[in-house]
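Participant: Sharing a structure with you now.
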Amino acid sequence: MLETVTKKEATVLFAGDSGDGIQLTGTQFTDTTALYGNDLNTFPNFPAEIRAPQGTLAGVSGFQIQFGSIDVFTPGDQCDVLVVMNAAALKTNLLLLKKGGIIIANTAGFDAKNLRLSKYEFNPLEDDFLSDYKVHSLDITKLTRNTLKESGSSLGQKEADRSKNMFVLGFIFWLFNRPLNNTIAFLETKFASKEGVKEANIGLLKAGYNFGETSETFSTQIEVKPARLKTGVYRNIQGNEAIAIGLIAAAKKSGLELFYGSYPITPASSLLHELSKHKNFGIKTFQAEDEIAAICSSIGASYGGALACTGSSGPGIALKGEALGLAMMLEIPLVIVNIQRGGPSTGLPTKTEQSDLLQAMFGRNGASPIPILAAASPSDCFQTAYDACKMALEHMTPVLLLSDGYIANGMEPWQFPTADSLKEIEHKIPKGPIEGNFLPYQRDKNLVRKWAIPGLKGYQHRIGGLEKEDLTGNVSYDPDNHEKMTEIRAQKINNIAHFLPNASIDSGHPNSKLAILGWGSTYGAIKTAVRDLNAEGIPAAHIHLKNLHPFPPNLKEVLEQYELVLVPEINDGQLIVLLKNKFDVVFEPLNKVKGLPFTSTEILRHVKTLNKALLC
Amino acid sequence: MLETVTKKEATVLFAGDSGDGIQLTGTQFTDTTALYGNDLNTFPNFPAEIRAPQGTLAGVSGFQIQFGSIDVFTPGDQCDVLVVMNAAALKTNLLLLKKGGIIIANTAGFDAKNLRLSKYEFNPLEDDFLSDYKVHSLDITKLTRNTLKESGSSLGQKEADRSKNMFVLGFIFWLFNRPLNNTIAFLETKFASKEGVKEANIGLLKAGYNFGETSETFSTQIEVKPARLKTGVYRNIQGNEAIAIGLIAAAKKSGLELFYGSYPITPASSLLHELSKHKNFGIKTFQAEDEIAAICSSIGASYGGALACTGSSGPGIALKGEALGLAMMLEIPLVIVNIQRGGPSTGLPTKTEQSDLLQAMFGRNGASPIPILAAASPSDCFQTAYDACKMALEHMTPVLLLSDGYIANGMEPWQFPTADSLKEIEHKIPKGPIEGNFLPYQRDKNLVRKWAIPGLKGYQHRIGGLEKEDLTGNVSYDPDNHEKMTEIRAQKINNIAHFLPNASIDSGHPNSKLAILGWGSTYGAIKTAVRDLNAEGIPAAHIHLKNLHPFPPNLKEVLEQYELVLVPEINDGQLIVLLKNKFDVVFEPLNKVKGLPFTSTEILRHVKTLNKALLC
Amino acid sequence: MLTTSNGETKRSGKDFATDQDVRWCPGCGDYSILKQVQSTLAETGLKNEDIVFISGIGCAARFPYYIESYGMHSIHGRAPAIATGLKISNPNLSIWVATGDGDCLSIGGNHLIHVLRRNPDLNIIMFNNEIYGLTKGQYSPTSPIGTISKSSPSGSLDTPFSPLKLCMGAEATFIARSMDRDPVHLRTTLLEANQHQGTSFVEVYQNCNVFNDGAFFQYSDKKSKADTTIILEQNQPLLFGEEKEKGIILDGFQPKVVHLGEAVGHADLWVHDAYDPVKASLITQYFDDPNNDLPKPFGIIFKKERPTYESLIIEQMNASKSAKGEEHLDALLSGENTWTVS
Amino acid sequence: MLTTSNGETKRSGKDFATDQDVRWCPGCGDYSILKQVQSTLAETGLKNEDIVFISGIGCAARFPYYIESYGMHSIHGRAPAIATGLKISNPNLSIWVATGDGDCLSIGGNHLIHVLRRNPDLNIIMFNNEIYGLTKGQYSPTSPIGTISKSSPSGSLDTPFSPLKLCMGAEATFIARSMDRDPVHLRTTLLEANQHQGTSFVEVYQNCNVFNDGAFFQYSDKKSKADTTIILEQNQPLLFGEEKEKGIILDGFQPKVVHLGEAVGHADLWVHDAYDPVKASLITQYFDDPNNDLPKPFGIIFKKERPTYESLIIEQMNASKSAKGEEHLDALLSGENTWTVS
Ligand SMILES: Cc1ncc(C[n+]2csc(CCOP(=O)(O)OP(=O)(O)O)c2C)c(N)n1
Ligand SMILES: Cc1ncc(C[n+]2csc(CCOP(=O)(O)OP(=O)(O)O)c2C)c(N)n1
Ligand code: SF4
Ligand code: SF4
Ligand SMILES: [Mg+2]
Ligand SMILES: [Mg+2]
């Protein structure tokens, strides 16, 4: 008899060889899940190699999704269902499966060759090895071939085998009792011109679903009810896509053209890819010869009156340091995006980390203050990119925007705004003809200078990287002027604090002794941990910083309320250096440097090791 | 009647047009002063332009020297004697003259044209303008021409006028009752092949001296007795020269060849110039196409078994960030010298600053720990460079050495060591044939790996910038390995602390409540200030840090003894960020960002503004 | 501004001078270049506000301060990259890059070769003094082997670039050479560079009288000039010498000096054609090699029509606009797959 | 290691293989290049420990991991600079640079042109797949105009470099081209590159079957190969075609394809001479221009003897030693002017 178990949230991890179509499967499952109304969060985990030899551990690709009827902030610490297309996928991911979880294994991926490549000395499906789990071994490859044979499909064997992911997807749709129509529509568009492939894929999807229904492999379906999300219209979004849209939106709202100068680098390249698709928005993308040319072309574009942006990851950002100093000295608007990855040096390009914060703060010669913002989640990337542009344009300064590999590729539902609802952005291009002499370094009350772009009559002026005289911008070696200008530049950035929202408690207990202070992509894990702590009766508050330089104006008061501020970071402790420099508060670091995001459990467990007196 | 006034110390500032031979005059005066036995300290101050138009304010070149019968640690806050060859020189330097000080002015440099170019509306020599000073106006140009005419010199007028600095020098020698023989010997060598020029210069030197003796311009000679320096043999030395010698000495003592890869930049270029003169020491200098190639060629040379060094200044160091991360990851020995200058961006290339400390600490992507040393004075540059090489070779790590424009060009007497007395340096190149498998990332108890250089049979291995597996050095994406390696790299650098001398009080009161903690070139000013404070009965101690990362092991205990630690820096407050991150002590910044070194008076005055309770 | 007899205003170089003190060493060749550039700008009829000078770092790179236009004295070697971004974002501007041999060919070499292949409409003036001036006299990538300088006290060992040959290799569409001491030639060359649609590269020999005095005097000295230089003019035979009594013929691929007379006449001579890439290659290959005893060529050596980078970008943008329709921010925000929670 | 019949040990490619899993995509052209390099190393007689492979970043740049020698997988674009320092410090090593078209010509372009002019004895192998492989498919500086890639969804706009032409412009002393799919030719070419004293630049066409599959198949495909390629051999006429029935003549400066027959015979054909810089220029100029319908040349295109950089450095060092005498550290420490305080 078919039972239905209802769960508040569930986590599924699809894993297989790079060639197995895992990412597509995951994305389709995600879309349907979103349309169904669950809250969700995903984490694709690519292999480092483009295409490592089939069947090897290095070649495993994974896609994890957590979805729920309650709010979901992370892709899940451990999964309920693990789908593995071969032995290597099992080996690399088994630790991520909950005790008692479900394994769906493609037995065709556990033949002698696959076992050897994945360095199993035995077949884990065949003895007691997996007795802690509920294992369902299916020869998906054979099921696929048979399905297609029966339907008289014209697909060759290679192509047929490549479609087996649709069988799996259908099966999982059945397991969670989800409709197929969205994926069918997707396949119809995707293979519109390839009738045979389209038919085969749709057929397999349905076959997988039906197999679930009829084969009695499972006696239980899992139900995860729709979440009570805020009412409104939603879409799914990945972090880098959200940044791209945020930049375009800021350009539109400010009435400027967007220029994006970049040199490809993992995991920032998709920003360039995404933006270069939108030429119809008047966007100019420029693939430069290197990162230095990328930022320099952006400086040129900004000088010329564009909303200019350059993006990269750690090693590329290191190369931009000198030019970043120039942009700071020129006091022109520029957004620099760093999609952080595992460092140092080339490091772990496909892994995530938050270890470029201090580089953002100090990675240039001299006193060179630049505001820093960090995005907290895939959808938050939109608003943060938008805010970075607004800050750059309204305060005439380069702005550093930090994201990371985790949220760049992760996906979540987003209640997107309408164009009208976006904050207005003003820029400092002088309107109307010049009166009197133009002083390029004359400032308004916020210490912001004008953006006199070439072509404007009467505003001709010369700027550069040498120290400038106050007001005139002429080269000046005067000692007092240098000190004054250094102070003005610092003050100008500090003034931005007045325009920032106050720091506040994101969630959690209002009167706890313990605060957990995060920044960037640790958002979901901290939020979940705090929710779970509070549920266990342990008081803790979650504060999340979007503005890392300058800090929100009230941060001092907020932090001083707590006896201990725990600072989880996916690095060796970087925010904490900045905090200690400013505040006389007891901070405790919680660091993870594994190229992986925090799980909420890790944070929760750490909190429980703290002095009990703090946890009441 | 001729009187003699005896002074403990005196400061003379020579100033004139770039073409007036000011630097030569200053150096000659310095040499003779040193040979006479004074302690001394100098500060040359070049114009930013190569050759600004004659007579302009921008074209003024200065050379300041303080010398004494007591210890002298700075070039003097204000001067006793100001020699000005033209009006512009007076205008730019008058503020540096003590009330009641002596001005020796070349009236020929105060003609209408010079007055206009120096933006004087009147002739400052001619009215009461300088009544606070003792002014001696001499037409040095005319005196020079006459001298030469009388001696029947064959020099043309242009050449003759160019020698007028020798007349001045002779005159100043007389004023301080110094012998001419050293400068005469110098002129004889310098102009050995140019009989006429030689005769003229020597003649003028003597004429200047005699003019002092006979003209009754002055009724007073100034006597500054020899200092009671430690017995021994001395020479004068400039900071960059000392670094060059330090590098060569380290190469010799370690038995390695020195490779210096660099790209010219003010004020680091003279390192390249100096080293390229010493090819007979087996030194290879390489002028690279840019700073990135400079450090990369040095990485290649280090990989190949040379003692490798690369030097630059702020903007160039910014460009080296990515490659520095590679060197750190490779764990190979490399010394990176930063002769800091006024920042940010191109900044003030000819001015001094200490504003690249945080760049040194954090100017790379990821967690990328590198030791940092700073030199405190021109002569200290030798030992610091030597120590940096020793540290790099013995701990297999890149090491950052910070100096700055002030001490790079400044000069002081140096009791140089003998080659034998220098500490031994060991390197980690394996001796003898390999046994078993070579593990490139196997470490000794200090976590230091071997330096297996190409050519060594059996040690073949591959390294790179991707994260490495512990021991084998193979590429590894393993999460736990990444965390482990990150910790090992940090710990390895922290371990260096065990090899550092303890921090201790450099001078001053042993039980004061106030400590003044400095680093780098503020040494002399702080030391002088503390001496003067103590002399006034105000207790204060001076602690000076050579090792900025890691800190000396006992720094915590030392600092915790004080109620307040004042941290003077020629920047916006950088060391203090590192201190606050580590120690729970009350620090107070004292910052100067004028492109100029501290005067001891500035520090002394600031101390006097502190809470009186601290000053007892 | 001058007013001519018929009431038209004619602009002069002075209209392009700024109030800044010019801070090169007295006697520096840069002064002459500055003057000729200012005069050329006056001749072009360009408005001050539509002109931008971008430079890197070096003595040459101080140039922007002295031109009454927009200007940026940027960082070492990066001017071509900055200028590319500026041109793409603002194609109506007349953009000039002022750079030195170190700035352009040493640290900036990569940006140079890439800007040339992309071909945005820029004018690059490279002041070649075969030395690093601003940093006080180190050898540069154009210094001849054996150059004694501060960083090469026993002589430099690096084979220098021939800048024009390098540019040919990098797909340049306009290369020319002129000289500080030949004002008229310099002005003509700059005018043509300005007219060329695409990246124009003009090498200007410039005397650094402090650190490399006289490096090019043989090409300006009255006595030697006629024999050591050859002025290239389109469709004209290669003639030189005091009386234009000498010429260049091609012996196979080999350019050779001949004396005109009975054996060889004008008709036998190499005729300059800047549109011929092979001739241009031969010129940059042979004439700049000090081993060949040939006169130094000045003038426009190569020229080619190729669409500018910015025109291609705009074309592609417009094509995309007409293919996909004008943009709608709301459509972008919502994407293609949405759902409603109610 | 193989032992031949007469007891000599003959080394094979296997002696240069490491224990590392090779991690290129199945089917990638890099595999073939790896094999040929290993075989070539065996043929050179070099000892494993005297060989160093330096690479930057990219798929190609993973090369060092797979060669049993010393190796460094450094950072993007910088391998030529690292190799230069290594060669200067340790001239006895046999140093090879493995690099991609992006690594070498995009971010690394400046180091490439400077290493070529300096001419240290290095072998640079540039894997040209006309794409960025490792970053998953963006166009590169060698991608033809109009290339559709992740970063150029409507087609790239940048005129590509001809790598060999660029090298000629940068004073290279050895340039050659070969291909992943022609193992014998590749080995021969690499052997010659290794023998050349100075910087050898070898462009190797390499198939990226994932992001740019088939870019060069016309040059290896049995059907088209004979007509689309021409193998250059020293002192041999330029012949190609299935039956070697076609050849290249020079019409003025213009290379033209001719059919051999009565009108034109072998004697009329262009004879390859790698030592002739003009011929080399013409080859890089004309044959790589897709507008000219000429076969693609493979082989050694240019070669020139010029002292290596490291030999000049050592010479200068020795000269200084014999002029100034051997060094004395104590003399250096004391300098020339000392005084004694007693
Ligand atoms: C990143 C960086 N590296 C080095 C320098 C120092 N620097 C300034 S100009 C220059 C070279 C100048 O030579 P060139 O470009 O030929 O110009 P010139 O002064 O001869 O006109 C150098 C090395 C710098 N300012 N920035
Ligand atoms: C400083 C820096 N910028 C960018 C990257 C990203 N990146 C790695 S390889 C590569 C290009 C690879 O192309 P190519 O050199 O042609 O090698 P292929 O992968 O095609 O063999 C890029 C852009 C990087 N690793 N470091
Ligand atoms: S150093 Fe040379 S190039 Fe620079 S301004 Fe002086 S003369 Fe001109
Ligand atoms: S991406 Fe292309 S070049 Fe890279 S390994 Fe795969 S097939 Fe080869
Ligand atoms: Mg120059
Ligand atoms: Mg490639």
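Starting from 1 in every chain, residues are counted up; chains themselves are A, B, ... following the order of the structure tokens, and ligands are numbered from 1 as listed.
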May I have the residues within 7 Å of D:Ile82 as a PyMOL selection string, using only C-alpha atoms and disregarding those fewer than 5 positions away in the same chain?
Facilitator: chain B and resi 296-297+299-300
Participant: Residues of chain C no more than 6 Å from chain A, counting only C-alpha atoms: send them over as a list in words.
Facilitator: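 Taken together, these residues fit the definition: Glu49, Asp50, Tyr65, Ser69, Tyr70, Gly71, Met72, His73, Ser74, Ala81, Ile82, Ala83, Thr84, Gly85, Leu86, Ser89, Asn90, Met317, Ser320, Lys321, Glu327, Asp330, Thr338, Trp339, Thr340, Val341 and Ser342 of chain C.
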Participant: Please extract the residues at most 7 Å from ligand 2, counting only C-alpha atoms and all ligand atoms, and provide them as a PDB file with N, CA, C and O atoms, in the first residue's frame, using the chain letters and residue numbers of this document.
Facilitator:
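So the final result, stored in out_28.pdb, reads:
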ATOM      1  N   TYR A 263      37.959  39.797 -17.533  1.00  0.00           N
ATOM      2  CA  TYR A 263      38.762  38.710 -18.081  1.00  0.00           C
ATOM      3  C   TYR A 263      38.253  37.439 -17.404  1.00  0.00           C
ATOM      4  O   TYR A 263      38.047  37.437 -16.185  1.00  0.00           O
ATOM      5  N   PRO A 264      37.996  36.389 -18.196  1.00  0.00           N
ATOM      6  CA  PRO A 264      37.343  35.219 -17.617  1.00  0.00           C
ATOM      7  C   PRO A 264      38.111  34.623 -16.442  1.00  0.00           C
ATOM      8  O   PRO A 264      39.342  34.574 -16.464  1.00  0.00           O
ATOM      9  N   ILE A 265      37.401  34.201 -15.452  1.00  0.00           N
ATOM     10  CA  ILE A 265      38.000  33.470 -14.329  1.00  0.00           C
ATOM     11  C   ILE A 265      36.861  32.819 -13.538  1.00  0.00           C
ATOM     12  O   ILE A 265      35.815  33.433 -13.325  1.00  0.00           O
ATOM     13  N   THR A 266      37.084  31.601 -13.138  1.00  0.00           N
ATOM     14  CA  THR A 266      36.130  30.877 -12.305  1.00  0.00           C
ATOM     15  C   THR A 266      36.149  31.482 -10.897  1.00  0.00           C
ATOM     16  O   THR A 266      37.239  31.713 -10.378  1.00  0.00           O
ATOM     17  N   ASP A 290      43.637  40.983 -19.994  1.00  0.00           N
ATOM     18  CA  ASP A 290      43.955  40.500 -18.653  1.00  0.00           C
ATOM     19  C   ASP A 290      43.150  41.318 -17.654  1.00  0.00           C
ATOM     20  O   ASP A 290      42.386  42.211 -18.047  1.00  0.00           O
ATOM     21  N   GLU A 291      43.320  41.033 -16.384  1.00  0.00           N
ATOM     22  CA  GLU A 291      42.521  41.722 -15.376  1.00  0.00           C
ATOM     23  C   GLU A 291      42.899  43.189 -15.250  1.00  0.00           C
ATOM     24  O   GLU A 291      42.087  44.017 -14.853  1.00  0.00           O
ATOM     25  N   PRO A 315      42.618  35.865  -7.485  1.00  0.00           N
ATOM     26  CA  PRO A 315      43.896  36.153  -8.142  1.00  0.00           C
ATOM     27  C   PRO A 315      43.781  37.335  -9.109  1.00  0.00           C
ATOM     28  O   PRO A 315      44.705  38.141  -9.228  1.00  0.00           O
ATOM     29  N   GLY A 316      42.643  37.421  -9.773  1.00  0.00           N
ATOM     30  CA  GLY A 316      42.428  38.535 -10.687  1.00  0.00           C
ATOM     31  C   GLY A 316      42.276  39.847  -9.949  1.00  0.00           C
ATOM     32  O   GLY A 316      42.738  40.902 -10.404  1.00  0.00           O
ATOM     33  N   LEU A 319      45.516  41.332  -9.057  1.00  0.00           N
ATOM     34  CA  LEU A 319      46.155  42.067 -10.159  1.00  0.00           C
ATOM     35  C   LEU A 319      45.584  43.471 -10.330  1.00  0.00           C
ATOM     36  O   LEU A 319      46.225  44.334 -10.912  1.00  0.00           O
ATOM     37  N   THR A 346      46.385  30.241  -6.758  1.00  0.00           N
ATOM     38  CA  THR A 346      45.339  29.665  -7.597  1.00  0.00           C
ATOM     39  C   THR A 346      44.343  28.895  -6.729  1.00  0.00           C
ATOM     40  O   THR A 346      43.149  28.840  -7.025  1.00  0.00           O
TER      41      THR A 346
ATOM     42  N   ILE D  57      48.475  28.977 -16.384  1.00  0.00           N
ATOM     43  CA  ILE D  57      47.209  28.335 -16.024  1.00  0.00           C
ATOM     44  C   ILE D  57      46.384  28.121 -17.284  1.00  0.00           C
ATOM     45  O   ILE D  57      46.394  28.951 -18.187  1.00  0.00           O
ATOM     46  N   GLY D  58      45.687  27.032 -17.304  1.00  0.00           N
ATOM     47  CA  GLY D  58      44.859  26.650 -18.439  1.00  0.00           C
ATOM     48  C   GLY D  58      44.900  25.136 -18.536  1.00  0.00           C
ATOM     49  O   GLY D  58      45.600  24.485 -17.758  1.00  0.00           O
ATOM     50  N   CYS D  59      44.146  24.583 -19.475  1.00  0.00           N
ATOM     51  CA  CYS D  59      44.221  23.125 -19.640  1.00  0.00           C
ATOM     52  C   CYS D  59      45.643  22.738 -20.032  1.00  0.00           C
ATOM     53  O   CYS D  59      46.254  21.848 -19.441  1.00  0.00           O
ATOM     54  N   ALA D  60      46.170  23.432 -21.037  1.00  0.00           N
ATOM     55  CA  ALA D  60      47.525  23.164 -21.496  1.00  0.00           C
ATOM     56  C   ALA D  60      48.504  23.228 -20.330  1.00  0.00           C
ATOM     57  O   ALA D  60      49.454  22.439 -20.243  1.00  0.00           O
ATOM     58  N   ALA D  61      48.256  24.158 -19.445  1.00  0.00           N
ATOM     59  CA  ALA D  61      49.208  24.439 -18.380  1.00  0.00           C
ATOM     60  C   ALA D  61      49.259  23.360 -17.304  1.00  0.00           C
ATOM     61  O   ALA D  61      50.095  23.423 -16.402  1.00  0.00           O
ATOM     62  N   ILE D  75      51.339  30.730 -12.314  1.00  0.00           N
ATOM     63  CA  ILE D  75      50.121  31.520 -12.409  1.00  0.00           C
ATOM     64  C   ILE D  75      49.924  31.977 -13.849  1.00  0.00           C
ATOM     65  O   ILE D  75      50.833  31.922 -14.677  1.00  0.00           O
ATOM     66  N   HIS D  76      48.741  32.443 -14.103  1.00  0.00           N
ATOM     67  CA  HIS D  76      48.275  32.680 -15.468  1.00  0.00           C
ATOM     68  C   HIS D  76      49.149  33.701 -16.222  1.00  0.00           C
ATOM     69  O   HIS D  76      49.262  34.846 -15.805  1.00  0.00           O
ATOM     70  N   THR D  99      52.157  26.250 -22.624  1.00  0.00           N
ATOM     71  CA  THR D  99      51.225  27.373 -22.467  1.00  0.00           C
ATOM     72  C   THR D  99      50.102  27.293 -23.494  1.00  0.00           C
ATOM     73  O   THR D  99      50.251  26.649 -24.537  1.00  0.00           O
ATOM     74  N   GLY D 100      48.984  27.931 -23.175  1.00  0.00           N
ATOM     75  CA  GLY D 100      47.857  27.966 -24.098  1.00  0.00           C
ATOM     76  C   GLY D 100      47.780  29.292 -24.829  1.00  0.00           C
ATOM     77  O   GLY D 100      48.520  30.220 -24.531  1.00  0.00           O
ATOM     78  N   ASP D 101      46.867  29.382 -25.772  1.00  0.00           N
ATOM     79  CA  ASP D 101      46.746  30.618 -26.541  1.00  0.00           C
ATOM     80  C   ASP D 101      46.290  31.778 -25.664  1.00  0.00           C
ATOM     81  O   ASP D 101      46.697  32.925 -25.881  1.00  0.00           O
ATOM     82  N   GLY D 102      45.484  31.473 -24.649  1.00  0.00           N
ATOM     83  CA  GLY D 102      45.075  32.538 -23.739  1.00  0.00           C
ATOM     84  C   GLY D 102      46.210  32.902 -22.797  1.00  0.00           C
ATOM     85  O   GLY D 102      46.573  34.069 -22.637  1.00  0.00           O
ATOM     86  N   ASP D 103      46.769  31.902 -22.199  1.00  0.00           N
ATOM     87  CA  ASP D 103      47.862  32.084 -21.247  1.00  0.00           C
ATOM     88  C   ASP D 103      49.025  32.855 -21.881  1.00  0.00           C
ATOM     89  O   ASP D 103      49.602  33.769 -21.289  1.00  0.00           O
ATOM     90  N   CYS D 104      49.339  32.492 -23.075  1.00  0.00           N
ATOM     91  CA  CYS D 104      50.539  33.001 -23.747  1.00  0.00           C
ATOM     92  C   CYS D 104      50.307  34.343 -24.424  1.00  0.00           C
ATOM     93  O   CYS D 104      51.162  35.219 -24.383  1.00  0.00           O
ATOM     94  N   PHE D 127      50.027  25.673 -27.034  1.00  0.00           N
ATOM     95  CA  PHE D 127      48.906  24.841 -27.474  1.00  0.00           C
ATOM     96  C   PHE D 127      47.816  25.784 -27.952  1.00  0.00           C
ATOM     97  O   PHE D 127      47.138  26.405 -27.140  1.00  0.00           O
ATOM     98  N   ASN D 128      47.652  25.875 -29.230  1.00  0.00           N
ATOM     99  CA  ASN D 128      46.640  26.794 -29.745  1.00  0.00           C
ATOM    100  C   ASN D 128      45.368  26.024 -30.075  1.00  0.00           C
ATOM    101  O   ASN D 128      45.326  25.273 -31.047  1.00  0.00           O
ATOM    102  N   ASN D 129      44.356  26.215 -29.242  1.00  0.00           N
ATOM    103  CA  ASN D 129      43.054  25.607 -29.547  1.00  0.00           C
ATOM    104  C   ASN D 129      42.026  26.678 -29.871  1.00  0.00           C
ATOM    105  O   ASN D 129      40.836  26.414 -29.965  1.00  0.00           O
ATOM    106  N   GLU D 130      42.498  27.900 -30.020  1.00  0.00           N
ATOM    107  CA  GLU D 130      41.646  29.040 -30.375  1.00  0.00           C
ATOM    108  C   GLU D 130      40.460  29.203 -29.430  1.00  0.00           C
ATOM    109  O   GLU D 130      39.383  29.639 -29.831  1.00  0.00           O
ATOM    110  N   ILE D 131      40.686  28.883 -28.168  1.00  0.00           N
ATOM    111  CA  ILE D 131      39.608  29.010 -27.185  1.00  0.00           C
ATOM    112  C   ILE D 131      40.227  28.978 -25.789  1.00  0.00           C
ATOM    113  O   ILE D 131      41.362  28.542 -25.633  1.00  0.00           O
ATOM    114  N   TYR D 132      39.510  29.490 -24.795  1.00  0.00           N
ATOM    115  CA  TYR D 132      39.875  29.271 -23.405  1.00  0.00           C
ATOM    116  C   TYR D 132      39.206  27.978 -22.970  1.00  0.00           C
ATOM    117  O   TYR D 132      37.982  27.931 -22.798  1.00  0.00           O
ATOM    118  N   GLY D 133      39.995  26.942 -22.804  1.00  0.00           N
ATOM    119  CA  GLY D 133      39.424  25.664 -22.411  1.00  0.00           C
ATOM    120  C   GLY D 133      39.058  25.624 -20.931  1.00  0.00           C
ATOM    121  O   GLY D 133      37.902  25.434 -20.565  1.00  0.00           O
ATOM    122  N   LEU D 134      40.040  25.879 -20.091  1.00  0.00           N
ATOM    123  CA  LEU D 134      39.838  25.666 -18.659  1.00  0.00           C
ATOM    124  C   LEU D 134      38.681  26.472 -18.086  1.00  0.00           C
ATOM    125  O   LEU D 134      37.984  26.026 -17.194  1.00  0.00           O
ATOM    126  N   THR D 135      38.496  27.672 -18.594  1.00  0.00           N
ATOM    127  CA  THR D 135      37.396  28.489 -18.062  1.00  0.00           C
ATOM    128  C   THR D 135      36.094  28.242 -18.836  1.00  0.00           C
ATOM    129  O   THR D 135      35.175  29.038 -18.778  1.00  0.00           O
ATOM    130  N   SER D 140      39.400  33.405 -27.597  1.00  0.00           N
ATOM    131  CA  SER D 140      40.774  33.727 -27.202  1.00  0.00           C
ATOM    132  C   SER D 140      41.386  34.682 -28.226  1.00  0.00           C
ATOM    133  O   SER D 140      40.758  34.991 -29.236  1.00  0.00           O
TER     134      SER D 140
END
Participant: Which residues are close to C:Lys222, i.e. within 12 Å by only C-alpha atoms, leaving aside same-chain residues fewer than 5 positions away? Reply as an NGL selection string.
Facilitator: :C and (181-182 or 217 or 227-229 or 241-242)
Participant: B:Thr397: which residues within 7 Å, counting only C-alpha atoms, same-chain residues fewer than 6 positions away excluded, as a list in words?
Facilitator: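 Result of the neighbour search: Met328, Glu331, Ile332, Pro333 and Leu334 of chain B.
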Participant: Near stretch 255-261 of chain C, within 9 Å and counting only C-alpha atoms, which residues show up once chain neighbours fewer than 2 positions away are dropped, as JSON, numbers by chain?
Facilitator: {"C": [244, 245, 246, 247, 248, 249, 250, 251, 252, 253, 263, 264, 265, 266, 269, 270, 282, 283, 286, 287, 293, 294, 295]}
Participant: Need the shell around A:Ala52: protein/DNA/RNA residues with any atom at most 10 Å away, counting only C-alpha atoms. Skip same-chain ones fewer than 2 positions apart. Format as number ranges by chain?
Facilitator: A: 17-19, 47-50, 54-60; D: 21-26
Participant: Residues within 7 Å of stretch 335-337 of chain A, please, as a list in words. Count only C-alpha atoms; anything in the same chain fewer than 6 positions from it doesn't count.
Facilitator: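 Within the cut-off, the hits are Ala308, Cys309, Thr310, Gly311, Ser312, Ala388, Cys389, Ala392, Pro398, Val399, Leu400, Leu401 and Leu402 of chain A.
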Participant: Return as a ChimeraX atom specification the full set of residues in stretch 199-394 of chain B whose backbone-based DSSP assignment is alpha helix (DSSP H).
Facilitator: /B:199-215,239-254,269-276,291-303,314-330,357-362,380-394
Participant: Could the residues of chain B within 6 Å of chain A, counting only C-alpha atoms, be given as number ranges by chain, please?
Facilitator: B: 314-315, 318-319, 321-322, 325-326, 343-347, 355-356, 358-359, 362-368, 465-467, 479-480, 482-483, 577, 580-581, 593-594
